[in-house]
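Below is my_file-v7.cif, holding mmCIF, C-alpha atoms.
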data_model
#
loop_
_atom_site.label_atom_id
_atom_site.label_comp_id
_atom_site.auth_asym_id
_atom_site.auth_seq_id
_atom_site.Cartn_x
_atom_site.Cartn_y
_atom_site.Cartn_z
CA MET Q 1 26.98 -33.02 118.74
CA ASN Q 2 24.17 -34.63 116.83
CA ARG Q 3 23.34 -31.35 115.11
CA GLN Q 4 26.97 -30.92 114.03
CA ARG Q 5 26.94 -34.35 112.52
CA ARG Q 6 23.75 -33.48 110.62
CA LYS Q 7 25.44 -30.43 109.21
CA PHE Q 8 28.49 -32.43 108.21
CA VAL Q 9 26.36 -35.00 106.38
CA GLN Q 10 24.51 -32.24 104.56
CA THR Q 11 27.67 -30.46 103.45
CA ALA Q 12 29.26 -33.72 102.41
CA SER Q 13 26.32 -34.67 100.25
CA VAL Q 14 26.29 -31.25 98.59
CA VAL Q 15 30.00 -31.48 97.85
CA GLY Q 16 29.53 -35.04 96.62
CA ALA Q 17 26.76 -33.96 94.26
CA ALA Q 18 28.93 -31.13 92.95
CA VAL Q 19 31.80 -33.52 92.28
CA ALA Q 20 29.46 -35.93 90.54
CA ALA Q 21 28.08 -33.11 88.41
CA ALA Q 22 31.59 -31.97 87.51
CA GLY Q 23 32.41 -35.55 86.62
CA THR Q 24 29.56 -35.87 84.15
CA GLY Q 25 30.41 -32.41 82.85
CA VAL Q 26 33.83 -33.72 81.88
CA LEU Q 27 32.38 -36.79 80.19
CA VAL Q 28 29.68 -35.11 78.12
CA PRO Q 29 31.88 -32.93 75.86
CA GLN Q 30 33.91 -36.02 74.94
CA ARG Q 31 30.82 -37.56 73.42
CA VAL Q 32 30.03 -34.35 71.57
CA LEU Q 33 33.52 -34.25 70.08
CA GLY Q 34 33.02 -37.77 68.84
CA ALA Q 35 35.89 -39.41 70.69
CA VAL Q 36 35.16 -43.09 70.93
CA PRO Q 37 35.33 -44.22 74.54
CA ARG Q 38 37.26 -47.43 75.21
CA THR Q 39 34.11 -48.98 76.69
CA ALA Q 40 32.86 -49.33 73.11
CA PHE Q 41 35.56 -51.93 72.55
CA GLU Q 42 34.74 -53.77 75.77
CA ALA Q 43 31.05 -54.16 74.87
CA GLU Q 44 30.16 -57.79 74.25
CA ASP Q 45 27.18 -57.28 71.95
CA VAL Q 46 26.58 -55.30 68.79
CA SER Q 47 24.08 -52.98 70.44
CA GLY Q 48 26.53 -52.00 73.18
CA ALA Q 49 29.36 -51.55 70.70
CA LEU Q 50 27.28 -49.19 68.57
CA THR Q 51 25.74 -47.23 71.44
CA ASN Q 52 29.17 -46.61 72.94
CA SER Q 53 30.92 -45.76 69.68
CA LEU Q 54 28.27 -43.88 67.70
CA GLY Q 55 25.76 -42.88 70.38
CA SER Q 56 22.90 -45.15 69.29
CA ASP Q 57 22.19 -48.68 68.09
CA GLN Q 58 19.29 -47.66 65.85
CA HIS Q 59 20.45 -47.96 62.24
CA THR Q 60 18.72 -48.37 58.91
CA ALA Q 61 20.07 -50.46 56.04
CA SER Q 62 21.21 -48.39 53.10
CA ASP Q 63 22.23 -49.22 49.52
CA ALA Q 64 24.52 -46.21 49.51
CA ILE Q 65 27.01 -48.14 51.63
CA LYS Q 66 29.22 -50.60 49.83
CA LEU Q 67 30.72 -53.20 52.12
CA LYS Q 68 33.34 -55.32 50.48
CA ALA Q 69 34.39 -58.46 52.32
CA PRO Q 70 35.06 -62.03 51.19
CA ASP Q 71 32.19 -64.59 51.13
CA ILE Q 72 34.51 -67.13 52.67
CA ALA Q 73 37.57 -66.22 54.71
CA GLU Q 74 40.02 -69.08 54.97
CA ASN Q 75 41.97 -67.34 57.67
CA GLY Q 76 39.85 -65.58 60.28
CA ALA Q 77 42.92 -63.71 61.52
CA VAL Q 78 43.06 -61.62 58.36
CA VAL Q 79 39.76 -60.63 56.76
CA PRO Q 80 40.00 -57.68 54.37
CA VAL Q 81 37.07 -55.28 54.70
CA THR Q 82 36.44 -52.17 52.62
CA VAL Q 83 33.66 -49.68 53.25
CA SER Q 84 32.81 -46.97 50.76
CA VAL Q 85 29.83 -44.70 51.13
CA ASP Q 86 27.93 -42.65 48.56
CA MET Q 87 26.56 -40.05 51.01
CA ASP Q 88 27.36 -36.51 52.07
CA ASN Q 89 28.42 -35.42 55.56
CA VAL Q 90 29.69 -38.78 56.70
CA ASN Q 91 31.57 -38.21 59.94
CA ALA Q 92 32.07 -41.67 61.35
CA ILE Q 93 32.32 -45.27 60.19
CA SER Q 94 32.34 -48.29 62.52
CA ILE Q 95 33.17 -51.84 61.48
CA VAL Q 96 31.56 -54.55 63.61
CA ALA Q 97 32.03 -58.34 63.49
CA ALA Q 98 28.81 -59.48 65.18
CA ASN Q 99 30.03 -62.76 66.72
CA ASN Q 100 33.43 -61.59 67.93
CA PRO Q 101 33.96 -61.57 71.73
CA SER Q 102 34.19 -57.78 71.43
CA PRO Q 103 32.25 -56.99 68.25
CA LEU Q 104 33.59 -53.50 67.60
CA THR Q 105 36.80 -53.89 65.59
CA SER Q 106 37.33 -50.27 64.73
CA SER Q 107 35.67 -46.90 64.50
CA TYR Q 108 36.85 -44.10 62.24
CA GLU Q 109 36.22 -40.40 62.77
CA LEU Q 110 36.37 -38.53 59.50
CA SER Q 111 37.07 -34.83 59.01
CA ALA Q 112 35.32 -32.76 56.33
CA ALA Q 113 38.23 -33.35 53.91
CA ALA Q 114 38.14 -37.14 54.25
CA GLU Q 115 36.25 -39.17 51.67
CA PRO Q 116 33.77 -41.67 53.15
CA TYR Q 117 36.02 -44.62 52.45
CA VAL Q 118 38.04 -46.89 54.67
CA SER Q 119 39.74 -50.22 54.14
CA THR Q 120 41.40 -52.46 56.70
CA ARG Q 121 41.89 -56.05 57.79
CA ILE Q 122 39.99 -57.45 60.74
CA LYS Q 123 40.08 -60.60 62.86
CA MET Q 124 37.04 -62.87 63.03
CA GLY Q 125 36.63 -65.64 65.58
CA LYS Q 126 33.92 -67.47 63.64
CA THR Q 127 31.38 -67.15 60.85
CA SER Q 128 29.43 -63.99 61.43
CA ASP Q 129 27.86 -60.91 59.94
CA VAL Q 130 30.18 -58.03 59.31
CA ILE Q 131 28.30 -54.77 59.76
CA ALA Q 132 29.47 -51.40 58.52
CA VAL Q 133 27.69 -48.62 60.37
CA VAL Q 134 27.95 -45.11 58.99
CA LYS Q 135 27.03 -41.88 60.73
CA ALA Q 136 25.85 -39.22 58.31
CA ASN Q 137 23.83 -36.08 59.12
CA GLY Q 138 23.42 -37.36 62.67
CA LYS Q 139 21.75 -40.63 61.61
CA LEU Q 140 23.09 -44.16 61.43
CA TYR Q 141 23.01 -46.26 58.28
CA SER Q 142 24.34 -49.76 57.83
CA ALA Q 143 25.32 -52.49 55.42
CA THR Q 144 25.68 -56.14 56.43
CA LYS Q 145 27.49 -59.05 54.85
CA GLU Q 146 27.97 -62.55 56.15
CA VAL Q 147 31.53 -63.85 56.08
CA LYS Q 148 32.10 -67.57 56.52
CA VAL Q 149 35.25 -68.35 58.42
CA THR Q 150 36.98 -71.69 57.94
CA ILE Q 151 39.71 -72.26 60.48
CA GLY Q 152 42.10 -75.11 59.88
CA GLY Q 153 39.64 -76.82 57.53
CA CYS Q 154 37.14 -77.54 60.31
CA GLY Q 155 34.39 -75.97 58.26
CA GLY Q 156 32.26 -73.08 59.23
CA MET Y 1 61.97 -47.58 64.62
CA ALA Y 2 60.13 -47.17 61.49
CA SER Y 3 57.07 -49.28 62.08
CA ILE Y 4 54.90 -47.47 59.55
CA LYS Y 5 54.96 -47.66 55.78
CA ILE Y 6 52.97 -45.08 53.85
CA ARG Y 7 52.03 -44.80 50.19
CA ALA Y 8 50.08 -41.70 49.25
CA LYS Y 9 49.05 -40.82 45.73
CA ALA Y 10 47.07 -37.81 44.51
CA LYS Y 11 44.89 -38.27 41.45
CA ASP Y 12 42.10 -35.98 40.21
CA GLY Y 13 42.03 -34.10 43.50
CA VAL Y 14 41.59 -37.20 45.64
CA THR Y 15 44.52 -38.59 47.57
CA THR Y 16 44.55 -42.29 48.36
CA VAL Y 17 46.66 -43.25 51.33
CA LYS Y 18 47.66 -46.81 52.06
CA THR Y 19 49.52 -47.61 55.21
CA LEU Y 20 51.00 -50.68 56.85
CA MET Y 21 52.10 -50.77 60.47
CA SER Y 22 54.09 -53.51 62.11
CA HIS Y 23 52.50 -54.35 65.42
CA PRO Y 24 51.60 -57.65 67.18
CA MET Y 25 47.95 -56.60 67.85
CA GLU Y 26 47.47 -59.06 70.72
CA THR Y 27 43.90 -59.13 72.03
CA GLY Y 28 44.87 -60.37 75.49
CA THR Y 29 42.68 -63.48 75.23
CA ARG Y 30 45.10 -65.68 73.30
CA LYS Y 31 46.98 -68.30 75.31
CA ASP Y 32 50.67 -69.00 75.10
CA SER Y 33 50.82 -72.71 74.22
CA LYS Y 34 54.02 -73.25 76.23
CA THR Y 35 53.11 -71.58 79.51
CA GLY Y 36 49.29 -71.80 79.29
CA LYS Y 37 49.05 -68.18 80.37
CA ASN Y 38 47.28 -65.44 78.47
CA ILE Y 39 49.52 -63.32 76.30
CA PRO Y 40 49.09 -59.73 77.56
CA ALA Y 41 46.98 -57.42 75.42
CA HIS Y 42 49.08 -55.27 73.13
CA PHE Y 43 47.28 -53.46 70.37
CA ILE Y 44 47.09 -50.08 68.70
CA THR Y 45 44.23 -48.02 70.11
CA GLU Y 46 44.42 -44.91 67.98
CA VAL Y 47 45.79 -43.98 64.58
CA THR Y 48 45.81 -40.36 63.46
CA ALA Y 49 46.28 -39.12 59.92
CA GLU Y 50 47.28 -35.53 59.22
CA HIS Y 51 47.75 -33.63 55.97
CA ASN Y 52 50.07 -30.60 56.32
CA GLY Y 53 49.21 -30.50 60.02
CA ASN Y 54 45.41 -30.77 59.60
CA LYS Y 55 43.74 -33.84 60.97
CA ILE Y 56 42.07 -35.94 58.27
CA MET Y 57 40.85 -38.86 60.30
CA THR Y 58 41.22 -40.69 63.58
CA ALA Y 59 40.93 -44.45 63.68
CA ASN Y 60 39.96 -46.00 67.00
CA TRP Y 61 40.98 -49.62 67.10
CA GLY Y 62 40.37 -52.56 69.37
CA GLY Y 63 42.01 -55.96 69.41
CA GLY Y 64 39.83 -56.97 66.45
CA ILE Y 65 42.22 -55.53 63.89
CA SER Y 66 44.63 -57.98 62.29
CA LYS Y 67 48.30 -58.26 63.20
CA ASN Y 68 50.53 -55.87 61.28
CA PRO Y 69 47.55 -53.64 60.46
CA TYR Y 70 46.72 -52.35 57.01
CA MET Y 71 44.60 -49.27 56.57
CA SER Y 72 43.60 -47.29 53.55
CA PHE Y 73 41.63 -44.06 53.28
CA LYS Y 74 40.99 -41.20 50.85
CA PHE Y 75 40.74 -37.46 51.20
CA LYS Y 76 40.37 -34.29 49.15
CA GLY Y 77 42.36 -31.10 48.91
CA ALA Y 78 45.95 -32.32 48.73
CA ALA Y 79 48.55 -31.94 45.99
CA ALA Y 80 51.66 -33.91 45.12
CA GLY Y 81 54.52 -32.94 47.40
CA ASP Y 82 52.31 -32.28 50.45
CA THR Y 83 53.13 -34.11 53.64
CA ILE Y 84 51.03 -36.87 55.12
CA ARG Y 85 51.73 -37.86 58.68
CA ILE Y 86 50.51 -41.06 60.33
CA SER Y 87 50.90 -41.69 64.03
CA TRP Y 88 49.72 -44.44 66.34
CA VAL Y 89 49.41 -45.02 70.08
CA ASP Y 90 48.99 -48.46 71.65
CA ASN Y 91 47.45 -49.68 74.90
CA GLN Y 92 50.89 -49.98 76.51
CA GLY Y 93 51.56 -46.29 75.90
CA LYS Y 94 54.01 -46.81 73.06
CA SER Y 95 53.74 -44.67 69.97
CA ASP Y 96 55.30 -44.06 66.59
CA SER Y 97 54.84 -41.71 63.69
CA GLN Y 98 56.01 -41.37 60.13
CA GLU Y 99 55.85 -38.68 57.46
CA GLU Y 100 55.72 -39.19 53.74
CA ALA Y 101 55.38 -36.90 50.72
CA ILE Y 102 52.32 -37.39 48.52
CA LYS Y 103 53.16 -38.53 45.01
#
Rewritten as structure tokens:
Amino acid sequence: MNRQRRKFVQTASVVGAAVAAAGTGVLVPQRVLGAVPRTAFEAEDVSGALTNSLGSDQHTASDAIKLKAPDIAENGAVVPVTVSVDMDNVNAISIVAANNPSPLTSSYELSAAAEPYVSTRIKMGKTSDVIAVVKANGKLYSATKEVKVTIGGCGG
Amino acid sequence: MASIKIRAKAKDGVTTVKTLMSHPMETGTRKDSKTGKNIPAHFITEVTAEHNGNKIMTANWGGGISKNPYMSFKFKGAAAGDTIRISWVDNQGKSDSQEEAIK
């Protein structure tokens, strides 16, 4: 009886390990393909947002990235942001508002035909740095700009 | 339901695409002032752009994108008359797509 139970536990753990391995096997190719997991948008800090969207939070500032955003945004609900990059082999751009409850606003996966340029409008809860993080040749580069948000004239 | 407006223009080999979508883009953390309850999250999670059937870019969005989103991007290798197709999917499983000829 006891021996049978031993055997059952052993088999179960082997099966469990196999299932776990298969599970990670399914997850890994997604990262390789560059699909941004939804957890990236649930991250509450910049580091988590970048690690989950681009695979790392190590980035170096670069002059080749032009980040256009207003100095002062009167309406935090609509902040126009434009990112243009003077680099080759750019395959992803992420736009992060550092002090937002979920800092990652958007992440763009670019094909070979796409120019390294993207423009959109983001929401900002309060005054914060806007960070454009660019993935080129497997490395991360960034540009940062502070945007002051004044909501309802309360200052910021 | 045409929720997407597209303007695409080819110039010197580079096509600039500007697009506007009508969508509430609710983050899920905003409160309804009448009921005091949170308004359920409702935002676009993915926008795909295709040129003649080839994928140009995929935009992954969270609730941090403004209501009625605007997005602009550029790409190479298209000529006037080619088709650009934009499609979106939101967190409630709704989707829409629109095609437009490049000018």
Item to check | Surrounding residues of region 138-146 of chain Q excluding itself and chain neighbours under 5 positions, 7 Å, all atoms listed in the file, as a VMD selection string | outcome: chain Q and resid 58 to 62 65 67 71 128 to 133
Checklist entry - For the point (27.8, -56.3, 66.0) in file coordinates, what residues are within 9 Å, counting only C-alpha atoms? Give the answer as a PyMOL selection string? => result chain Q and resi 44-50+95-100+102-104+129-131
Could you give me, as JSON lines, every chain Q residue with an atom at most 10 Å from chain Y, plus its closest atom pair and distance in Å to one decimal, counting all atoms listed in the file, rows ordered by chain then number?
{"residue": "Q:Ala35", "atom": "CA", "partner": "Y:Asn60", "partner_atom": "CA", "distance": 8.6}
{"residue": "Q:Val36", "atom": "CA", "partner": "Y:Asn60", "partner_atom": "CA", "distance": 6.9}
{"residue": "Q:Pro37", "atom": "CA", "partner": "Y:Asn60", "partner_atom": "CA", "distance": 9.0}
{"residue": "Q:Arg38", "atom": "CA", "partner": "Y:Gly62", "partner_atom": "CA", "distance": 8.4}
{"residue": "Q:Ala40", "atom": "CA", "partner": "Y:Gly62", "partner_atom": "CA", "distance": 9.0}
{"residue": "Q:Phe41", "atom": "CA", "partner": "Y:Gly62", "partner_atom": "CA", "distance": 5.8}
{"residue": "Q:Glu42", "atom": "CA", "partner": "Y:Gly62", "partner_atom": "CA", "distance": 8.6}
{"residue": "Q:Ser53", "atom": "CA", "partner": "Y:Asn60", "partner_atom": "CA", "distance": 9.4}
{"residue": "Q:Gly76", "atom": "CA", "partner": "Y:Ser66", "partner_atom": "CA", "distance": 9.2}
{"residue": "Q:Ala77", "atom": "CA", "partner": "Y:Ser66", "partner_atom": "CA", "distance": 6.0}
{"residue": "Q:Val78", "atom": "CA", "partner": "Y:Ser66", "partner_atom": "CA", "distance": 5.6}
{"residue": "Q:Val79", "atom": "CA", "partner": "Y:Ser66", "partner_atom": "CA", "distance": 7.8}
{"residue": "Q:Pro80", "atom": "CA", "partner": "Y:Tyr70", "partner_atom": "CA", "distance": 9.0}
{"residue": "Q:Val81", "atom": "CA", "partner": "Y:Met71", "partner_atom": "CA", "distance": 9.8}
{"residue": "Q:Thr82", "atom": "CA", "partner": "Y:Ser72", "partner_atom": "CA", "distance": 8.7}
{"residue": "Q:Val83", "atom": "CA", "partner": "Y:Phe73", "partner_atom": "CA", "distance": 9.8}
{"residue": "Q:Ser84", "atom": "CA", "partner": "Y:Phe73", "partner_atom": "CA", "distance": 9.6}
{"residue": "Q:Asn91", "atom": "CA", "partner": "Y:Met57", "partner_atom": "CA", "distance": 9.3}
{"residue": "Q:Ala92", "atom": "CA", "partner": "Y:Met57", "partner_atom": "CA", "distance": 9.3}
{"residue": "Q:Ile93", "atom": "CA", "partner": "Y:Ala59", "partner_atom": "CA", "distance": 9.3}
{"residue": "Q:Ser94", "atom": "CA", "partner": "Y:Asn60", "partner_atom": "CA", "distance": 9.1}
{"residue": "Q:Ile95", "atom": "CA", "partner": "Y:Gly64", "partner_atom": "CA", "distance": 9.8}
{"residue": "Q:Val96", "atom": "CA", "partner": "Y:Gly64", "partner_atom": "CA", "distance": 9.1}
{"residue": "Q:Ala97", "atom": "CA", "partner": "Y:Gly64", "partner_atom": "CA", "distance": 8.5}
{"residue": "Q:Asn100", "atom": "CA", "partner": "Y:Gly64", "partner_atom": "CA", "distance": 8.0}
{"residue": "Q:Pro101", "atom": "CA", "partner": "Y:Gly64", "partner_atom": "CA", "distance": 9.1}
{"residue": "Q:Ser102", "atom": "CA", "partner": "Y:Gly64", "partner_atom": "CA", "distance": 7.6}
{"residue": "Q:Pro103", "atom": "CA", "partner": "Y:Gly64", "partner_atom": "CA", "distance": 7.8}
{"residue": "Q:Leu104", "atom": "CA", "partner": "Y:Gly62", "partner_atom": "CA", "distance": 7.1}
{"residue": "Q:Thr105", "atom": "CA", "partner": "Y:Gly64", "partner_atom": "CA", "distance": 4.4}
{"residue": "Q:Ser106", "atom": "CA", "partner": "Y:Trp61", "partner_atom": "CA", "distance": 4.4}
{"residue": "Q:Ser107", "atom": "CA", "partner": "Y:Asn60", "partner_atom": "CA", "distance": 5.0}
{"residue": "Q:Tyr108", "atom": "CA", "partner": "Y:Ala59", "partner_atom": "CA", "distance": 4.3}
{"residue": "Q:Glu109", "atom": "CA", "partner": "Y:Thr58", "partner_atom": "CA", "distance": 5.1}
{"residue": "Q:Leu110", "atom": "CA", "partner": "Y:Met57", "partner_atom": "CA", "distance": 4.6}
{"residue": "Q:Ser111", "atom": "CA", "partner": "Y:Ile56", "partner_atom": "CA", "distance": 5.2}
{"residue": "Q:Ala112", "atom": "CA", "partner": "Y:Ile56", "partner_atom": "CA", "distance": 7.7}
{"residue": "Q:Ala113", "atom": "CA", "partner": "Y:Lys76", "partner_atom": "CA", "distance": 5.3}
{"residue": "Q:Ala114", "atom": "CA", "partner": "Y:Phe75", "partner_atom": "CA", "distance": 4.0}
{"residue": "Q:Glu115", "atom": "CA", "partner": "Y:Phe75", "partner_atom": "CA", "distance": 4.8}
{"residue": "Q:Pro116", "atom": "CA", "partner": "Y:Lys74", "partner_atom": "CA", "distance": 7.6}
{"residue": "Q:Tyr117", "atom": "CA", "partner": "Y:Phe73", "partner_atom": "CA", "distance": 5.7}
{"residue": "Q:Val118", "atom": "CA", "partner": "Y:Phe73", "partner_atom": "CA", "distance": 4.8}
{"residue": "Q:Ser119", "atom": "CA", "partner": "Y:Ser72", "partner_atom": "CA", "distance": 4.9}
{"residue": "Q:Thr120", "atom": "CA", "partner": "Y:Met71", "partner_atom": "CA", "distance": 4.5}
{"residue": "Q:Arg121", "atom": "CA", "partner": "Y:Ser66", "partner_atom": "CA", "distance": 5.6}
{"residue": "Q:Ile122", "atom": "CA", "partner": "Y:Ile65", "partner_atom": "CA", "distance": 4.3}
{"residue": "Q:Lys123", "atom": "CA", "partner": "Y:Gly64", "partner_atom": "CA", "distance": 5.1}
{"residue": "Q:Met124", "atom": "CA", "partner": "Y:Gly64", "partner_atom": "CA", "distance": 7.4}
{"residue": "Q:Gly125", "atom": "CA", "partner": "Y:Gly64", "partner_atom": "CA", "distance": 9.3}
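Across the model, the gap from CA of Gln98 (chain Y) to CA of Phe43 (chain Y) is 18.1 Å.
Candidate residues Q:Asn89, Q:Thr51, Q:Glu74, Q:Lys68 were compared for distance to Lys135 (chain Q), and the nearest is Q:Asn89, using all atoms listed in the file.
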Next on the checklist: I'd like the neighbourhood of Ala101 (chain Y) as a PyMOL selection string, where a residue qualifies if any of its atoms comes within 7 Å (using all atoms listed in the file), though same-chain residues fewer than 5 positions away should be ignored.
Outcome noted: chain Y and resi 81-84
May I have the selected residues written with C-alpha atoms, as a PDB file, keeping the file's coordinate frame?
ATOM      1  CA  GLY Y  81      54.520 -32.940  47.400  1.00  0.00           C
ATOM      2  CA  ASP Y  82      52.310 -32.280  50.450  1.00  0.00           C
ATOM      3  CA  THR Y  83      53.130 -34.110  53.640  1.00  0.00           C
ATOM      4  CA  ILE Y  84      51.030 -36.870  55.120  1.00  0.00           C
TER       5      ILE Y  84
END
Step by step, gather every atom of region 72-77 of chain Y that the file lists, find the box along x, y and z that holds them, add 5 Å on each side, and finally give centre and edge lengths in Å to one decimal, as JSON.
{"center_x": 42.0, "center_y": -39.2, "center_z": 51.2, "size_x": 13.2, "size_y": 26.2, "size_z": 14.6}
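For the atom pair formed by CA of Ile6 (chain Y) and CA of Trp88 (chain Y), the distance is 12.9 Å, given to one decimal.
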Item to check | Which of Y:Ala79, Y:Gly53, Y:Asp32, Y:Met25 sits closest to Asn91 (chain Y) [using all atoms listed in the file] | outcome: Y:Met25
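Computed from the coordinates, the CA of Glu50 (chain Y) to CA of Ser3 (chain Y) distance equals 17.1 Å.
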Item to check | Point (52.1, -41.4, 45.4), cut-off 6 Å, counting only C-alpha atoms, residues as JSON, numbers by chain | outcome: {"Y": [7, 8, 9, 102, 103]}
